[in-house]
$ cat data-v4.cif   # mmCIF, C-alpha atoms
data_start
#
loop_
_atom_site.label_atom_id
_atom_site.label_comp_id
_atom_site.auth_asym_id
_atom_site.auth_seq_id
_atom_site.Cartn_x
_atom_site.Cartn_y
_atom_site.Cartn_z
CA GLY B 1 -11.35 12.96 35.97
CA MET B 2 -11.27 10.00 33.66
CA ILE B 3 -11.08 7.12 36.10
CA PRO B 4 -10.41 7.49 39.83
CA ILE B 5 -6.82 6.57 40.76
CA TYR B 6 -5.80 6.25 37.08
CA ASP B 7 -5.82 10.04 36.93
CA LEU B 8 -2.93 10.07 39.41
CA PHE B 9 -0.57 8.22 37.06
CA ASN B 10 0.75 8.87 33.58
CA HIS B 11 0.29 6.49 30.67
CA HIS B 12 3.20 5.11 28.67
CA ASN B 13 3.26 1.66 27.11
CA GLY B 14 7.00 1.74 26.52
CA LYS B 15 7.86 2.86 30.07
CA ARG B 16 5.11 1.08 32.01
CA ASN B 17 6.44 0.17 35.45
CA ALA B 18 3.21 -0.39 37.38
CA LYS B 19 -0.29 -1.73 37.15
CA LEU B 20 -3.38 -1.57 39.29
CA ALA B 21 -4.84 -4.81 40.59
CA LEU B 22 -8.19 -5.41 42.23
CA THR B 23 -7.79 -7.60 45.30
CA GLU B 24 -10.03 -8.59 48.18
CA GLU B 25 -8.48 -5.70 50.15
CA GLY B 26 -9.21 -3.21 47.38
CA VAL B 27 -7.12 -1.67 44.60
CA LYS B 28 -3.37 -2.16 44.86
CA LEU B 29 -0.53 -0.65 42.89
CA LEU B 30 1.86 -3.38 41.70
CA ALA B 31 5.33 -2.84 40.30
CA VAL B 32 6.03 -4.33 36.85
CA GLY B 33 9.48 -5.33 35.67
CA ASP B 34 12.45 -4.00 37.64
CA GLY B 35 10.32 -2.24 40.23
CA ILE B 36 9.97 1.39 41.14
CA SER B 37 12.65 3.34 42.96
CA SER B 38 12.10 6.41 45.09
CA GLY B 39 11.67 9.41 42.82
CA ASP B 40 10.72 7.35 39.73
CA GLU B 41 7.69 8.47 37.80
CA ILE B 42 4.93 5.87 37.86
CA TYR B 43 3.58 4.81 34.47
CA LEU B 44 0.50 2.70 33.87
CA SER B 45 -0.92 1.56 30.55
CA TYR B 46 -4.35 2.58 29.35
CA GLY B 47 -3.92 -0.20 26.78
CA LEU B 48 -2.22 -0.32 23.40
CA LYS B 49 -4.53 1.82 21.29
CA THR B 50 -4.12 3.63 18.01
CA ALA B 51 -3.00 7.25 18.09
CA SER B 52 -6.40 8.46 16.94
CA THR B 53 -8.15 6.51 19.71
CA MET B 54 -5.71 7.77 22.35
CA TYR B 55 -6.26 11.34 21.15
CA ARG B 56 -10.04 10.96 21.04
CA ASP B 57 -10.38 9.19 24.40
CA TYR B 58 -7.58 10.78 26.46
CA GLY B 59 -6.55 13.96 24.64
CA PHE B 60 -2.96 12.98 23.85
CA VAL B 61 -0.84 10.71 21.68
CA GLU B 62 2.09 9.01 23.36
CA ASP B 63 5.53 9.62 21.93
CA TRP B 64 6.36 5.89 21.61
CA PRO B 65 5.28 3.32 20.86
CA THR B 66 2.72 5.13 18.74
CA ALA B 67 0.23 2.82 17.04
CA TRP B 68 -1.16 4.01 13.72
CA ASN B 69 -3.72 2.42 11.44
CA PHE B 70 -5.52 3.27 8.22
CA GLN B 71 -7.83 1.68 5.70
CA THR B 72 -7.57 2.02 1.93
CA VAL B 73 -10.52 2.81 -0.30
CA GLU B 74 -10.61 -0.90 -1.19
CA GLY B 75 -11.03 -1.76 2.49
CA ASN B 76 -7.51 -3.10 3.15
CA ASN B 77 -6.33 -2.43 6.71
CA PHE B 78 -2.77 -1.39 7.49
CA ALA B 79 -1.06 -0.59 10.77
CA PHE B 80 2.34 0.22 12.17
CA LEU B 81 4.01 0.96 15.48
CA GLN B 82 6.35 3.93 15.53
CA PHE B 83 9.34 4.07 17.86
CA PRO B 84 12.13 6.63 18.32
CA ASN B 85 14.87 6.92 15.70
CA ASP B 86 12.32 6.39 12.89
CA VAL B 87 12.04 2.68 13.68
CA VAL B 88 8.71 1.13 12.77
CA ALA B 89 7.05 -2.25 12.94
CA ILE B 90 4.83 -2.51 9.87
CA ASN B 91 1.60 -4.50 10.28
CA PRO B 92 2.64 -5.74 13.74
CA SER B 93 1.60 -9.26 14.69
CA ALA B 94 -0.60 -10.00 17.69
CA ASP B 95 2.48 -11.42 19.45
CA LEU B 96 4.45 -8.22 18.88
CA LEU B 97 1.55 -6.07 20.10
CA ARG B 98 1.25 -8.21 23.24
CA ALA B 99 5.00 -7.98 23.85
CA VAL B 100 4.95 -4.20 23.51
CA TRP B 101 1.94 -3.81 25.76
CA GLN B 102 2.96 -6.29 28.47
CA SER B 103 6.70 -5.73 28.57
CA ASN B 104 8.83 -3.43 30.61
CA ILE B 105 12.07 -3.63 28.65
CA SER B 106 14.65 -1.14 27.46
CA LEU B 107 14.12 1.08 24.45
CA GLU B 108 16.92 -0.81 22.67
CA GLU B 109 15.02 -4.09 23.13
CA TYR B 110 11.81 -2.53 21.76
CA LEU B 111 13.73 -1.20 18.76
CA SER B 112 15.28 -4.61 18.16
CA MET B 113 11.87 -6.31 18.31
CA ALA B 114 10.40 -3.80 15.84
CA LYS B 115 13.31 -4.11 13.41
CA THR B 116 13.23 -7.92 13.57
CA HIS B 117 9.50 -7.95 12.89
CA THR B 118 9.67 -5.58 9.92
CA GLU B 119 12.68 -7.41 8.46
CA SER B 120 10.68 -10.65 8.63
CA LEU B 121 8.00 -9.30 6.29
CA SER B 122 8.03 -10.39 2.67
CA SER B 123 8.96 -7.96 -0.09
CA ALA B 124 5.39 -8.24 -1.37
CA ASP B 125 3.96 -7.25 2.03
CA LEU B 126 6.30 -4.27 2.25
CA GLU B 127 5.54 -3.18 -1.31
CA THR B 128 1.80 -3.40 -0.63
CA PHE B 129 2.20 -1.23 2.47
CA VAL B 130 4.32 1.37 0.67
CA THR B 131 1.89 1.51 -2.24
CA ALA B 132 -1.03 2.04 0.14
CA VAL B 133 0.78 4.86 1.93
CA GLU B 134 1.87 6.56 -1.29
CA ASN B 135 -1.26 6.15 -3.39
CA GLU B 136 -4.19 6.09 -1.05
CA HIS B 137 -3.82 8.71 1.63
CA PHE B 138 -0.87 11.00 1.41
CA PRO B 139 -0.64 13.10 -1.75
CA THR B 140 1.65 15.74 -0.20
CA THR B 141 5.41 15.47 0.21
CA CYS B 142 7.26 15.16 3.52
CA GLU B 143 9.05 18.43 2.77
CA GLY B 144 5.75 20.21 2.15
CA ASP B 145 4.32 18.78 5.36
CA GLU B 146 7.34 19.99 7.36
CA ILE B 147 6.89 23.54 6.01
CA THR B 148 3.17 23.46 6.80
CA LEU B 149 3.87 22.14 10.30
CA ALA B 150 6.39 24.91 10.99
CA LEU B 151 3.88 27.55 9.88
CA LEU B 152 1.11 26.05 12.03
CA LEU B 153 3.39 25.82 15.08
CA GLU B 154 4.33 29.47 14.63
CA LYS B 155 0.67 30.44 14.27
CA GLU B 156 -0.28 28.36 17.33
CA GLY B 157 2.23 30.27 19.44
CA GLY B 158 0.85 33.61 18.28
CA ASN B 159 -1.92 35.77 19.65
CA VAL B 160 -5.09 33.86 18.64
CA ASP B 161 -8.38 33.17 20.41
CA SER B 162 -8.98 29.78 22.06
CA ASP B 163 -11.24 28.46 19.28
CA SER B 164 -8.62 29.27 16.64
CA ARG B 165 -5.89 27.76 18.81
CA ASN B 166 -7.92 24.53 19.18
CA ASN B 167 -8.47 24.42 15.41
CA ILE B 168 -4.74 24.94 14.80
CA SER B 169 -3.89 22.25 17.38
CA ASP B 170 -6.24 19.81 15.63
CA ARG B 171 -4.61 20.58 12.27
CA ILE B 172 -1.14 20.08 13.79
CA SER B 173 -2.20 16.69 15.20
CA ALA B 174 -3.63 15.62 11.85
CA LEU B 175 -0.50 16.76 10.03
CA ARG B 176 1.79 14.90 12.45
CA TYR B 177 -0.38 11.81 11.94
CA ARG B 178 0.03 12.05 8.16
CA MET B 179 3.78 12.67 8.46
CA ALA B 180 4.23 9.63 10.70
CA HIS B 181 2.48 7.46 8.11
CA LYS B 182 4.74 8.73 5.38
CA LYS B 183 7.90 8.13 7.39
CA ALA B 184 6.88 4.52 8.01
#
$ encode --input "data-v4.cif" --output "structure tokens"
Amino acid sequence: GMIPIYDLFNHHNGKRNAKLALTEEGVKLLAVGDGISSGDEIYLSYGLKTASTMYRDYGFVEDWPTAWNFQTVEGNNFAFLQFPNDVVAINPSADLLRAVWQSNISLEEYLSMAKTHTESLSSADLETFVTAVENEHFPTTCEGDEITLALLLEKEGGNVDSDSRNNISDRISALRYRMAHKKA
């Protein structure tokens, strides 16, 4: 496994309800936020990492909050957090990232924080972000990407060998990554 004990729990920054703590008695599981009721799934955080890092290091990308980043040819860095309902926080501040990683709040509160952050950005900052997304990295259209994704998903479900299936899965992940950038 990855890390003893951590393997027993799922990761989710938005639903984190527990953390592990090293004490003199050993490792203890501590509840975060409202606590954990009988039957609740236990979620830890592996840290707030970009989608590509999560995929590389752990083999998955969480559904939300999904952190994305990219660099333009000129070397400008851009990032955004993606939440459900197509809500994004463009170029999230360190305070927002800390709040997302350390909080155990409702989805509605996360969405409100993300909207407030993005609405606080200047028009120039938003225009710079949109220009970078449109001109630097994503020459295809969203509609074209959706058609390609549907074809790849159909192919993935078909009768293919494991190497081909892995290649298709990698292409699906890359396509979803590009689509998420465009939707931001």
$ closest_residue --input "data-v4.cif" --among "B:Val27, B:Thr128, B:Gly35, B:Val100" --to "Thr72 in chain B" --atoms "only C-alpha atoms"
B:Thr128
$ atom_distance --input "data-v4.cif" --atom1 "CA of Phe83 in chain B" --atom2 "CA of Asp170 in chain B"
22.3 Å
$ resolve_selection --input "data-v4.cif" --expression "the PyMOL selection byres ((chain B and resi 148) around 12)" --output "PDB file with C-alpha atoms, keeping the file's coordinate frame"
ATOM      1  CA  THR B 140       1.650  15.740  -0.200  1.00  0.00           C
ATOM      2  CA  THR B 141       5.410  15.470   0.210  1.00  0.00           C
ATOM      3  CA  CYS B 142       7.260  15.160   3.520  1.00  0.00           C
ATOM      4  CA  GLU B 143       9.050  18.430   2.770  1.00  0.00           C
ATOM      5  CA  GLY B 144       5.750  20.210   2.150  1.00  0.00           C
ATOM      6  CA  ASP B 145       4.320  18.780   5.360  1.00  0.00           C
ATOM      7  CA  GLU B 146       7.340  19.990   7.360  1.00  0.00           C
ATOM      8  CA  ILE B 147       6.890  23.540   6.010  1.00  0.00           C
ATOM      9  CA  LEU B 149       3.870  22.140  10.300  1.00  0.00           C
ATOM     10  CA  ALA B 150       6.390  24.910  10.990  1.00  0.00           C
ATOM     11  CA  LEU B 151       3.880  27.550   9.880  1.00  0.00           C
ATOM     12  CA  LEU B 152       1.110  26.050  12.030  1.00  0.00           C
ATOM     13  CA  LEU B 153       3.390  25.820  15.080  1.00  0.00           C
ATOM     14  CA  GLU B 154       4.330  29.470  14.630  1.00  0.00           C
ATOM     15  CA  LYS B 155       0.670  30.440  14.270  1.00  0.00           C
ATOM     16  CA  ILE B 168      -4.740  24.940  14.800  1.00  0.00           C
ATOM     17  CA  ARG B 171      -4.610  20.580  12.270  1.00  0.00           C
ATOM     18  CA  ILE B 172      -1.140  20.080  13.790  1.00  0.00           C
ATOM     19  CA  ALA B 174      -3.630  15.620  11.850  1.00  0.00           C
ATOM     20  CA  LEU B 175      -0.500  16.760  10.030  1.00  0.00           C
ATOM     21  CA  ARG B 176       1.790  14.900  12.450  1.00  0.00           C
ATOM     22  CA  ARG B 178       0.030  12.050   8.160  1.00  0.00           C
ATOM     23  CA  MET B 179       3.780  12.670   8.460  1.00  0.00           C
TER      24      MET B 179
END
$ atom_distance --input "data-v4.cif" --atom1 "CA of Ser122 in chain B" --atom2 "CA of Asn91 in chain B"
11.6 Å
$ atom_distance --input "data-v4.cif" --atom1 "CA of Leu111 in chain B" --atom2 "CA of Asp86 in chain B"
9.7 Å
$ closest_residue --input "data-v4.cif" --among "B:Ala89, B:Ala18, B:Phe80, B:Asp163" --to "Ser112 in chain B" --atoms "all atoms listed in the file"
B:Ala89
$ residues_around --input "data-v4.cif" --residues "Glu119 in chain B" --least-positions-apart "6" --cutoff "12 Å" --atoms "only C-alpha atoms" --output "list in words"
Val87, Val88, Ala89, Ile90, Asn91, Pro92, Ser112, Met113, Asp125 and Leu126 of chain B
$ closest_residue --input "data-v4.cif" --among "B:Ile42, B:Lys182, B:Gly157, B:Leu48" --to "Gln102 in chain B" --atoms "all atoms listed in the file"
B:Leu48
$ resolve_selection --input "data-v4.cif" --expression "the PyMOL selection byres ((chain B and resi 50) around 10)" --output "PyMOL selection string"
chain B and resi 47-49+51-56+61-62+65-70+79-81
$ write_last_selection --input "data-v4.cif" --atoms "C-alpha atoms" --output "PDB file, in the coordinates of the input"
ATOM      1  CA  GLY B  47      -3.920  -0.200  26.780  1.00  0.00           C
ATOM      2  CA  LEU B  48      -2.220  -0.320  23.400  1.00  0.00           C
ATOM      3  CA  LYS B  49      -4.530   1.820  21.290  1.00  0.00           C
ATOM      4  CA  ALA B  51      -3.000   7.250  18.090  1.00  0.00           C
ATOM      5  CA  SER B  52      -6.400   8.460  16.940  1.00  0.00           C
ATOM      6  CA  THR B  53      -8.150   6.510  19.710  1.00  0.00           C
ATOM      7  CA  MET B  54      -5.710   7.770  22.350  1.00  0.00           C
ATOM      8  CA  TYR B  55      -6.260  11.340  21.150  1.00  0.00           C
ATOM      9  CA  ARG B  56     -10.040  10.960  21.040  1.00  0.00           C
ATOM     10  CA  VAL B  61      -0.840  10.710  21.680  1.00  0.00           C
ATOM     11  CA  GLU B  62       2.090   9.010  23.360  1.00  0.00           C
ATOM     12  CA  PRO B  65       5.280   3.320  20.860  1.00  0.00           C
ATOM     13  CA  THR B  66       2.720   5.130  18.740  1.00  0.00           C
ATOM     14  CA  ALA B  67       0.230   2.820  17.040  1.00  0.00           C
ATOM     15  CA  TRP B  68      -1.160   4.010  13.720  1.00  0.00           C
ATOM     16  CA  ASN B  69      -3.720   2.420  11.440  1.00  0.00           C
ATOM     17  CA  PHE B  70      -5.520   3.270   8.220  1.00  0.00           C
ATOM     18  CA  ALA B  79      -1.060  -0.590  10.770  1.00  0.00           C
ATOM     19  CA  PHE B  80       2.340   0.220  12.170  1.00  0.00           C
ATOM     20  CA  LEU B  81       4.010   0.960  15.480  1.00  0.00           C
TER      21      LEU B  81
END
$ closest_residue --input "data-v4.cif" --among "B:Ser38, B:Thr116, B:Ser164, B:Ser45" --to "Ser103 in chain B" --atoms "all atoms listed in the file"
B:Ser45
$ resolve_selection --input "data-v4.cif" --expression "the PyMOL selection byres ((chain B and resi 104) around 12)" --output "count of residues only"
29
